[in-house]
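Raw data_22.cif, mmCIF, C-alpha atoms and all ligand atoms; chains and numbers go by the auth columns:
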data_target
#
loop_
_atom_site.group_PDB
_atom_site.id
_atom_site.type_symbol
_atom_site.label_atom_id
_atom_site.label_comp_id
_atom_site.label_asym_id
_atom_site.label_seq_id
_atom_site.Cartn_x
_atom_site.Cartn_y
_atom_site.Cartn_z
_atom_site.B_iso_or_equiv
_atom_site.auth_seq_id
_atom_site.auth_asym_id
ATOM 1 C CA MET A 1 -13.590 -0.926 6.014 0.00 1420 A
ATOM 2 C CA ASP A 2 -15.841 -1.134 2.952 0.00 1421 A
ATOM 3 C CA TRP A 3 -18.920 1.047 2.567 0.00 1422 A
ATOM 4 C CA GLN A 4 -21.335 -1.827 3.253 0.00 1423 A
ATOM 5 C CA THR A 5 -19.759 -2.522 6.628 0.00 1424 A
ATOM 6 C CA PHE A 6 -19.668 1.190 7.384 0.00 1425 A
ATOM 7 C CA LEU A 7 -23.353 1.621 6.508 0.00 1426 A
ATOM 8 C CA SER A 8 -24.428 -1.365 8.632 0.00 1427 A
ATOM 9 C CA LYS A 9 -22.340 -0.214 11.581 0.00 1428 A
ATOM 10 C CA ALA A 10 -23.951 3.231 11.299 0.00 1429 A
ATOM 11 C CA GLY A 11 -27.302 1.449 11.626 0.00 1430 A
ATOM 12 C CA TYR A 12 -28.530 1.697 8.034 0.00 1431 A
ATOM 13 C CA ARG A 13 -30.031 -1.097 5.996 0.00 1432 A
ATOM 14 C CA LEU A 14 -28.139 -2.335 2.973 0.00 1433 A
ATOM 15 C CA SER A 15 -31.133 -2.009 0.654 0.00 1434 A
ATOM 16 C CA GLU A 16 -31.105 -2.965 -3.014 0.00 1435 A
ATOM 17 C CA PRO A 17 -31.400 0.684 -4.248 0.00 1436 A
ATOM 18 C CA ARG A 18 -28.503 1.729 -2.017 0.00 1437 A
ATOM 19 C CA LYS A 19 -26.376 -1.114 -3.368 0.00 1438 A
ATOM 20 C CA ARG A 20 -27.214 -0.278 -6.968 0.00 1439 A
ATOM 21 C CA ILE A 21 -26.558 3.448 -6.599 0.00 1440 A
ATOM 22 C CA MET A 22 -23.194 2.892 -4.927 0.00 1441 A
ATOM 23 C CA LYS A 23 -22.230 0.321 -7.555 0.00 1442 A
ATOM 24 C CA LEU A 24 -22.975 2.827 -10.336 0.00 1443 A
ATOM 25 C CA MET A 25 -20.696 5.401 -8.720 0.00 1444 A
ATOM 26 C CA GLU A 26 -17.984 2.822 -8.033 0.00 1445 A
ATOM 27 C CA MET A 27 -17.921 1.847 -11.695 0.00 1446 A
ATOM 28 C CA ALA A 28 -18.002 5.423 -12.987 0.00 1447 A
ATOM 29 C CA ASP A 29 -14.801 7.310 -13.712 0.00 1448 A
ATOM 30 C CA LYS A 30 -16.730 10.539 -14.130 0.00 1449 A
ATOM 31 C CA PRO A 31 -18.813 12.187 -11.409 0.00 1450 A
ATOM 32 C CA LEU A 32 -22.487 11.184 -11.581 0.00 1451 A
ATOM 33 C CA ASN A 33 -25.283 13.607 -10.813 0.00 1452 A
ATOM 34 C CA PRO A 34 -28.695 12.499 -9.476 0.00 1453 A
ATOM 35 C CA LEU A 35 -30.347 12.749 -12.906 0.00 1454 A
ATOM 36 C CA ALA A 36 -27.652 10.589 -14.512 0.00 1455 A
ATOM 37 C CA ILE A 37 -27.997 7.987 -11.756 0.00 1456 A
ATOM 38 C CA HIS A 38 -31.763 8.014 -12.195 0.00 1457 A
ATOM 39 C CA ARG A 39 -31.359 7.484 -15.946 0.00 1458 A
ATOM 40 C CA LEU A 40 -28.730 4.727 -15.590 0.00 1459 A
ATOM 41 C CA LEU A 41 -30.946 2.860 -13.118 0.00 1460 A
ATOM 42 C CA ARG A 42 -33.864 3.058 -15.539 0.00 1461 A
ATOM 43 C CA GLU A 43 -31.643 1.617 -18.277 0.00 1462 A
ATOM 44 C CA GLN A 44 -31.017 -1.328 -15.923 0.00 1463 A
ATOM 45 C CA GLY A 45 -34.768 -1.729 -15.541 0.00 1464 A
ATOM 46 C CA VAL A 46 -34.782 -0.287 -12.025 0.00 1465 A
ATOM 47 C CA HIS A 47 -37.498 2.296 -11.482 0.00 1466 A
ATOM 48 C CA LEU A 48 -36.419 4.319 -8.497 0.00 1467 A
ATOM 49 C CA GLY A 49 -37.909 7.774 -7.974 0.00 1468 A
ATOM 50 C CA LEU A 50 -35.627 10.763 -8.346 0.00 1469 A
ATOM 51 C CA VAL A 51 -36.422 11.780 -4.746 0.00 1470 A
ATOM 52 C CA SER A 52 -35.125 8.410 -3.535 0.00 1471 A
ATOM 53 C CA VAL A 53 -31.935 8.907 -5.543 0.00 1472 A
ATOM 54 C CA TYR A 54 -31.449 12.329 -3.917 0.00 1473 A
ATOM 55 C CA ARG A 55 -32.143 10.901 -0.441 0.00 1474 A
ATOM 56 C CA THR A 56 -29.689 8.052 -0.946 0.00 1475 A
ATOM 57 C CA LEU A 57 -26.979 10.441 -2.156 0.00 1476 A
ATOM 58 C CA GLU A 58 -27.670 12.723 0.821 0.00 1477 A
ATOM 59 C CA LEU A 59 -27.234 9.788 3.181 0.00 1478 A
ATOM 60 C CA PHE A 60 -23.986 8.615 1.559 0.00 1479 A
ATOM 61 C CA PHE A 61 -22.705 12.190 1.543 0.00 1480 A
ATOM 62 C CA SER A 62 -23.574 12.824 5.187 0.00 1481 A
ATOM 63 C CA LEU A 63 -21.710 9.638 6.147 0.00 1482 A
ATOM 64 C CA GLY A 64 -18.672 10.731 4.135 0.00 1483 A
ATOM 65 C CA LEU A 65 -18.897 7.780 1.725 0.00 1484 A
ATOM 66 C CA ILE A 66 -19.126 9.946 -1.376 0.00 1485 A
ATOM 67 C CA SER A 67 -17.797 13.357 -2.309 0.00 1486 A
ATOM 68 C CA GLN A 68 -19.215 16.205 -4.346 0.00 1487 A
ATOM 69 C CA VAL A 69 -17.177 16.829 -7.454 0.00 1488 A
ATOM 70 C CA PHE A 70 -17.601 20.110 -9.305 0.00 1489 A
ATOM 71 C CA GLN A 71 -17.492 19.488 -13.029 0.00 1490 A
ATOM 72 C CA PRO A 72 -16.024 22.028 -15.470 0.00 1491 A
ATOM 73 C CA ASP A 73 -19.556 22.810 -16.725 0.00 1492 A
ATOM 74 C CA GLY A 74 -20.611 23.799 -13.198 0.00 1493 A
ATOM 75 C CA LEU A 75 -22.711 20.705 -12.523 0.00 1494 A
ATOM 76 C CA VAL A 76 -22.147 18.847 -9.277 0.00 1495 A
ATOM 77 C CA GLY A 77 -21.628 15.117 -9.417 0.00 1496 A
ATOM 78 C CA TYR A 78 -20.758 12.468 -6.881 0.00 1497 A
ATOM 79 C CA LEU A 79 -18.069 9.814 -6.598 0.00 1498 A
ATOM 80 C CA PRO A 80 -17.117 7.399 -3.808 0.00 1499 A
ATOM 81 C CA VAL A 81 -14.208 8.538 -1.626 0.00 1500 A
ATOM 82 C CA SER A 82 -11.604 6.554 0.212 0.00 1501 A
ATOM 83 C CA PHE A 83 -11.500 6.909 3.969 0.00 1502 A
ATOM 84 C CA GLY A 84 -9.080 9.569 5.059 0.00 1503 A
ATOM 85 C CA HIS A 85 -8.053 12.886 3.600 0.00 1504 A
ATOM 86 C CA HIS A 86 -8.549 12.978 -0.170 0.00 1505 A
ATOM 87 C CA HIS A 87 -9.347 15.428 -2.938 0.00 1506 A
ATOM 88 C CA PHE A 88 -10.197 15.165 -6.610 0.00 1507 A
ATOM 89 C CA ILE A 89 -8.614 16.406 -9.797 0.00 1508 A
ATOM 90 C CA VAL A 90 -11.016 16.621 -12.744 0.00 1509 A
ATOM 91 C CA CYS A 91 -10.136 16.608 -16.444 0.00 1510 A
ATOM 92 C CA GLN A 92 -11.430 19.750 -18.117 0.00 1511 A
ATOM 93 C CA ASN A 93 -11.845 17.930 -21.402 0.00 1512 A
ATOM 94 C CA CYS A 94 -13.366 14.500 -20.629 0.00 1513 A
ATOM 95 C CA HIS A 95 -14.491 15.187 -17.013 0.00 1514 A
ATOM 96 C CA LYS A 96 -12.770 12.064 -15.703 0.00 1515 A
ATOM 97 C CA ALA A 97 -11.986 12.498 -12.016 0.00 1516 A
ATOM 98 C CA VAL A 98 -9.195 10.955 -9.951 0.00 1517 A
ATOM 99 C CA GLU A 99 -8.702 11.023 -6.214 0.00 1518 A
ATOM 100 C CA PHE A 100 -5.412 11.999 -4.641 0.00 1519 A
ATOM 101 C CA LEU A 101 -4.161 12.011 -1.073 0.00 1520 A
ATOM 102 C CA GLY A 102 -4.589 15.243 0.860 0.00 1521 A
ATOM 103 C CA SER A 103 -1.545 16.225 2.862 0.00 1522 A
ATOM 104 C CA GLU A 104 -0.185 18.893 5.135 0.00 1523 A
ATOM 105 C CA ASP A 105 0.743 21.007 2.099 0.00 1524 A
ATOM 106 C CA MET A 106 -2.080 23.323 3.082 0.00 1525 A
ATOM 107 C CA GLN A 107 -0.510 24.316 6.403 0.00 1526 A
ATOM 108 C CA GLU A 108 1.293 27.333 4.974 0.00 1527 A
ATOM 109 C CA LEU A 109 -1.850 28.608 3.263 0.00 1528 A
ATOM 110 C CA ILE A 110 -3.980 27.987 6.355 0.00 1529 A
ATOM 111 C CA GLN A 111 -1.490 29.942 8.452 0.00 1530 A
ATOM 112 C CA ARG A 112 -1.632 32.836 5.996 0.00 1531 A
ATOM 113 C CA ILE A 113 -5.448 32.791 5.926 0.00 1532 A
ATOM 114 C CA HIS A 114 -5.455 32.951 9.717 0.00 1533 A
ATOM 115 C CA SER A 115 -3.001 35.875 9.785 0.00 1534 A
ATOM 116 C CA GLU A 116 -5.003 37.776 7.185 0.00 1535 A
ATOM 117 C CA THR A 117 -8.531 37.112 8.419 0.00 1536 A
ATOM 118 C CA HIS A 118 -8.074 36.029 12.072 0.00 1537 A
ATOM 119 C CA TYR A 119 -10.474 33.204 11.324 0.00 1538 A
ATOM 120 C CA GLN A 120 -9.757 29.834 12.822 0.00 1539 A
ATOM 121 C CA VAL A 121 -9.578 27.511 9.795 0.00 1540 A
ATOM 122 C CA ARG A 122 -11.411 24.268 10.531 0.00 1541 A
ATOM 123 C CA ASP A 123 -12.006 22.642 7.168 0.00 1542 A
ATOM 124 C CA HIS A 124 -11.453 23.126 3.476 0.00 1543 A
ATOM 125 C CA LEU A 125 -12.928 22.392 0.087 0.00 1544 A
ATOM 126 C CA LEU A 126 -10.274 21.742 -2.513 0.00 1545 A
ATOM 127 C CA GLN A 127 -10.436 20.471 -6.039 0.00 1546 A
ATOM 128 C CA PHE A 128 -8.152 20.796 -9.044 0.00 1547 A
ATOM 129 C CA TYR A 129 -8.861 20.960 -12.745 0.00 1548 A
ATOM 130 C CA GLY A 130 -6.450 19.859 -15.432 0.00 1549 A
ATOM 131 C CA LEU A 131 -5.928 17.550 -18.364 0.00 1550 A
ATOM 132 C CA CYS A 132 -5.756 13.778 -17.845 0.00 1551 A
ATOM 133 C CA PRO A 133 -2.936 11.818 -19.586 0.00 1552 A
ATOM 134 C CA GLU A 134 -5.268 10.695 -22.406 0.00 1553 A
ATOM 135 C CA CYS A 135 -6.387 14.242 -23.104 0.00 1554 A
ATOM 136 C CA GLN A 136 -2.804 15.530 -22.923 0.00 1555 A
ATOM 137 C CA ALA A 137 -2.049 13.121 -25.793 0.00 1556 A
ATOM 138 C CA LEU A 138 -5.079 14.432 -27.717 0.00 1557 A
ATOM 139 C CA LEU A 139 -3.798 17.949 -27.164 0.00 1558 A
ATOM 140 C CA GLU A 140 -0.360 17.039 -28.515 0.00 1559 A
ATOM 141 C CA ASN A 141 -1.971 15.530 -31.610 0.00 1560 A
ATOM 142 C CA GLY A 142 -3.987 18.702 -32.065 0.00 1561 A
ATOM 143 C CA ASP A 143 -7.287 16.817 -31.596 0.00 1562 A
ATOM 144 C CA ILE A 144 -8.421 19.212 -28.869 0.00 1563 A
ATOM 145 C CA ASN A 145 -7.564 22.794 -27.912 0.00 1564 A
HETATM 146 ZN ZN ZN B . -9.392 13.777 -20.045 0.00 1601 B
HETATM 147 ZN ZN ZN B . -7.289 18.620 2.038 0.00 1602 B
#
Can the structure from this file be put into structure tokens for me?
Amino acid sequence: MDWQTFLSKAGYRLSEPRKRIMKLMEMADKPLNPLAIHRLLREQGVHLGLVSVYRTLELFFSLGLISQVFQPDGLVGYLPVSFGHHHFIVCQNCHKAVEFLGSEDMQELIQRIHSETHYQVRDHLLQFYGLCPECQALLENGDIN
């Protein structure tokens, strides 16, 4: 199911600002924060208030259509997520983010957390940092540290 169908089925209107904001994130390979989205919209000649950008992102986030991605500089950005269990890996050099499939690899860790803390684990927040293939090549050429 695409996000438009999902949004309509959840009873939300497919407004022009919502379409534009999602399109920006779909085309981005780096996480976008509300300010960046606001600025990109203005460059397209769309004057949407920052509060509306925040509200739209909140809605998408609450419906699970986008994910928060924590950038190496500490800023939080957003990117669309596929349905199902996914996480992101973010390049520490160029901040490009890629989604990967979540799996049952966490079971061992979850079991250990339960034994240590006696908490019942119900959810998790997981993200990796690394170097993307392009930046690995830059590193080999000595262009970055
Ligand atoms: Zn990179
Ligand atoms: Zn996971």
> What does the distance between atom CA of Gly1561 of chain A and atom ZN of ligand ZN 1601 (chain B) come to in Å, to one decimal place?
Replying inline: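 Those two atoms sit 14.1 Å apart.
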>> So that I can check the surroundings of Leu1433 of chain A, please list as an MDAnalysis selection string every protein, DNA and RNA residue that reaches within 12 Å of it, counting only C-alpha atoms and ignoring chain neighbours fewer than 6 positions away.
In response: chainID A and resid 1422:1427 1439:1441 1475 1479
> Closest to Gln1526 of chain A among A:His1543, A:Lys1442, A:Arg1474, A:His1514, using only C-alpha atoms?
Replying inline: A:His1543
Which residues of chain A sit at most 7 Å from ligand ZN 1602 (chain B), using all atoms listed in the file? Give each one's shortest atom pair and distance in Å (one decimal place), in chain and ascending residue order, as a Markdown table.
| residue | atom | partner | partner_atom | distance |
| --- | --- | --- | --- | --- |
| A:His1504 | CA | B:ZN1602 | ZN | 6.0 |
| A:His1505 | CA | B:ZN1602 | ZN | 6.2 |
| A:His1506 | CA | B:ZN1602 | ZN | 6.3 |
| A:Gly1521 | CA | B:ZN1602 | ZN | 4.5 |
| A:Ser1522 | CA | B:ZN1602 | ZN | 6.3 |
| A:His1543 | CA | B:ZN1602 | ZN | 6.3 |
| A:Leu1545 | CA | B:ZN1602 | ZN | 6.3 |
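Distances to ligand ZN 1601 (chain B) were evaluated for A:Asn1512, A:Gln1546, A:Asn1564, A:Gln1490 using all atoms listed in the file, and the minimum falls at A:Asn1512.
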>> Could you list, as a VMD selection string, all protein and nucleic acid residues with an atom at most 12 Å from ligand ZN 1601 (chain B), counting all atoms listed in the file?
In response: chain A and resid 1448 to 1449 1491 1508 to 1517 1548 to 1558 1563
>> Report, in Å to a single decimal, how far apart atom CA of Phe1489 of chain A and atom CA of Gln1463 of chain A are.
In response: 26.1 Å
Got a sec to resolve the PyMOL selection byres (((chain A and resi 1436) around 12) and not hetatm) on this structure and send the residues as a tab-separated table (two decimals) with C-alpha atoms, in the coordinates of the input?
chain	number	residue	atom	x	y	z
A	1432	ARG	CA	-30.03	-1.10	6.00
A	1433	LEU	CA	-28.14	-2.34	2.97
A	1434	SER	CA	-31.13	-2.01	0.65
A	1435	GLU	CA	-31.10	-2.96	-3.01
A	1437	ARG	CA	-28.50	1.73	-2.02
A	1438	LYS	CA	-26.38	-1.11	-3.37
A	1439	ARG	CA	-27.21	-0.28	-6.97
A	1440	ILE	CA	-26.56	3.45	-6.60
A	1441	MET	CA	-23.19	2.89	-4.93
A	1442	LYS	CA	-22.23	0.32	-7.56
A	1443	LEU	CA	-22.98	2.83	-10.34
A	1456	ILE	CA	-28.00	7.99	-11.76
A	1457	HIS	CA	-31.76	8.01	-12.20
A	1460	LEU	CA	-30.95	2.86	-13.12
A	1461	ARG	CA	-33.86	3.06	-15.54
A	1463	GLN	CA	-31.02	-1.33	-15.92
A	1465	VAL	CA	-34.78	-0.29	-12.02
A	1466	HIS	CA	-37.50	2.30	-11.48
A	1467	LEU	CA	-36.42	4.32	-8.50
A	1468	GLY	CA	-37.91	7.77	-7.97
A	1469	LEU	CA	-35.63	10.76	-8.35
A	1471	SER	CA	-35.12	8.41	-3.54
A	1472	VAL	CA	-31.94	8.91	-5.54
A	1473	TYR	CA	-31.45	12.33	-3.92
A	1474	ARG	CA	-32.14	10.90	-0.44
A	1475	THR	CA	-29.69	8.05	-0.95
A	1476	LEU	CA	-26.98	10.44	-2.16
> Separation of atom CA of Tyr1497 of chain A and atom CA of Met1420 of chain A, in Å?
Replying inline: 19.9 Å
>> Just checking: using all atoms listed in the file, which residue out of A:Ile1485, A:Val1495, A:Ala1429, A:Asp1421 ends up closest to Pro1453 of chain A?
In response: A:Val1495
>> List as JSON, numbers by chain the protein and nucleic acid residues near Ile1529 of chain A, meaning an atom at most 10 Å away when only C-alpha atoms are counted, but skip any in the same chain fewer than 6 places from it.
In response: {"A": [1523, 1535, 1538, 1539, 1540, 1541, 1542, 1543]}
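Residue nearest Phe1547 of chain A within the list A:His1533, A:Glu1527, A:Leu1478, A:Val1488: A:Val1488 [criterion: smallest interatomic distance, all atoms listed in the file].
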Reconstruct segment 1477-1488 of chain A at the level of all heavy atoms, and format the result as a CSV table (one decimal), in the coordinates of the input.
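Result file is part31.csv:
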chain,number,residue,atom,x,y,z
A,1477,GLU,N,-27.8,11.9,-0.4
A,1477,GLU,CA,-27.7,12.7,0.8
A,1477,GLU,C,-27.1,11.9,2.0
A,1477,GLU,O,-26.3,12.3,2.7
A,1477,GLU,CB,-29.0,13.3,1.2
A,1477,GLU,CG,-29.3,14.7,0.7
A,1477,GLU,CD,-30.7,15.1,0.9
A,1477,GLU,OE1,-31.3,14.7,1.9
A,1477,GLU,OE2,-31.2,15.9,0.1
A,1478,LEU,N,-27.7,10.7,2.1
A,1478,LEU,CA,-27.2,9.8,3.2
A,1478,LEU,C,-25.8,9.4,3.0
A,1478,LEU,O,-25.0,9.6,4.0
A,1478,LEU,CB,-28.1,8.5,3.2
A,1478,LEU,CG,-27.6,7.4,4.2
A,1478,LEU,CD1,-27.8,7.9,5.6
A,1478,LEU,CD2,-28.3,6.1,3.9
A,1479,PHE,N,-25.4,9.0,1.8
A,1479,PHE,CA,-24.0,8.6,1.6
A,1479,PHE,C,-23.1,9.8,1.8
A,1479,PHE,O,-22.0,9.7,2.4
A,1479,PHE,CB,-23.8,8.2,0.1
A,1479,PHE,CG,-24.4,6.8,-0.2
A,1479,PHE,CD1,-24.7,6.4,-1.5
A,1479,PHE,CD2,-24.7,5.9,0.8
A,1479,PHE,CE1,-25.2,5.2,-1.8
A,1479,PHE,CE2,-25.2,4.6,0.5
A,1479,PHE,CZ,-25.5,4.3,-0.8
A,1480,PHE,N,-23.5,11.0,1.4
A,1480,PHE,CA,-22.7,12.2,1.5
A,1480,PHE,C,-22.5,12.5,3.0
A,1480,PHE,O,-21.4,12.9,3.5
A,1480,PHE,CB,-23.3,13.4,0.8
A,1480,PHE,CG,-22.5,14.6,0.8
A,1480,PHE,CD1,-21.3,14.7,0.1
A,1480,PHE,CD2,-22.9,15.7,1.5
A,1480,PHE,CE1,-20.5,15.8,0.1
A,1480,PHE,CE2,-22.2,16.9,1.5
A,1480,PHE,CZ,-21.0,16.9,0.9
A,1481,SER,N,-23.6,12.5,3.8
A,1481,SER,CA,-23.6,12.8,5.2
A,1481,SER,C,-22.7,11.9,6.0
A,1481,SER,O,-22.1,12.2,7.0
A,1481,SER,CB,-25.0,12.9,5.8
A,1481,SER,OG,-25.5,11.6,5.9
A,1482,LEU,N,-22.6,10.6,5.5
A,1482,LEU,CA,-21.7,9.6,6.1
A,1482,LEU,C,-20.3,9.7,5.6
A,1482,LEU,O,-19.4,8.9,6.1
A,1482,LEU,CB,-22.3,8.2,5.9
A,1482,LEU,CG,-23.6,7.9,6.6
A,1482,LEU,CD1,-24.1,6.6,6.1
A,1482,LEU,CD2,-23.5,7.9,8.1
A,1483,GLY,N,-20.0,10.6,4.7
A,1483,GLY,CA,-18.7,10.7,4.1
A,1483,GLY,C,-18.2,9.6,3.2
A,1483,GLY,O,-17.1,9.4,3.0
A,1484,LEU,N,-19.2,8.9,2.6
A,1484,LEU,CA,-18.9,7.8,1.7
A,1484,LEU,C,-18.7,8.2,0.3
A,1484,LEU,O,-18.0,7.6,-0.5
A,1484,LEU,CB,-20.0,6.7,1.8
A,1484,LEU,CG,-20.2,6.0,3.1
A,1484,LEU,CD1,-21.5,5.1,3.0
A,1484,LEU,CD2,-19.0,5.2,3.4
A,1485,ILE,N,-19.3,9.4,0.0
A,1485,ILE,CA,-19.1,9.9,-1.4
A,1485,ILE,C,-18.8,11.4,-1.2
A,1485,ILE,O,-19.0,12.0,-0.2
A,1485,ILE,CB,-20.4,9.8,-2.3
A,1485,ILE,CG1,-21.6,10.5,-1.6
A,1485,ILE,CG2,-20.7,8.3,-2.5
A,1485,ILE,CD1,-22.8,10.5,-2.5
A,1486,SER,N,-18.2,12.0,-2.3
A,1486,SER,CA,-17.8,13.4,-2.3
A,1486,SER,C,-18.5,14.1,-3.5
A,1486,SER,O,-18.8,13.5,-4.5
A,1486,SER,CB,-16.3,13.4,-2.4
A,1486,SER,OG,-15.9,14.8,-2.6
A,1487,GLN,N,-18.7,15.4,-3.2
A,1487,GLN,CA,-19.2,16.2,-4.3
A,1487,GLN,C,-18.0,16.6,-5.2
A,1487,GLN,O,-17.0,16.9,-4.7
A,1487,GLN,CB,-19.8,17.5,-3.8
A,1487,GLN,CG,-21.1,17.3,-3.2
A,1487,GLN,CD,-21.7,18.7,-2.7
A,1487,GLN,OE1,-21.0,19.5,-2.3
A,1487,GLN,NE2,-23.0,18.8,-2.8
A,1488,VAL,N,-18.2,16.4,-6.5
A,1488,VAL,CA,-17.2,16.8,-7.5
A,1488,VAL,C,-17.8,17.9,-8.4
A,1488,VAL,O,-18.8,17.7,-9.0
A,1488,VAL,CB,-16.6,15.6,-8.3
A,1488,VAL,CG1,-15.5,16.0,-9.2
A,1488,VAL,CG2,-16.2,14.5,-7.3
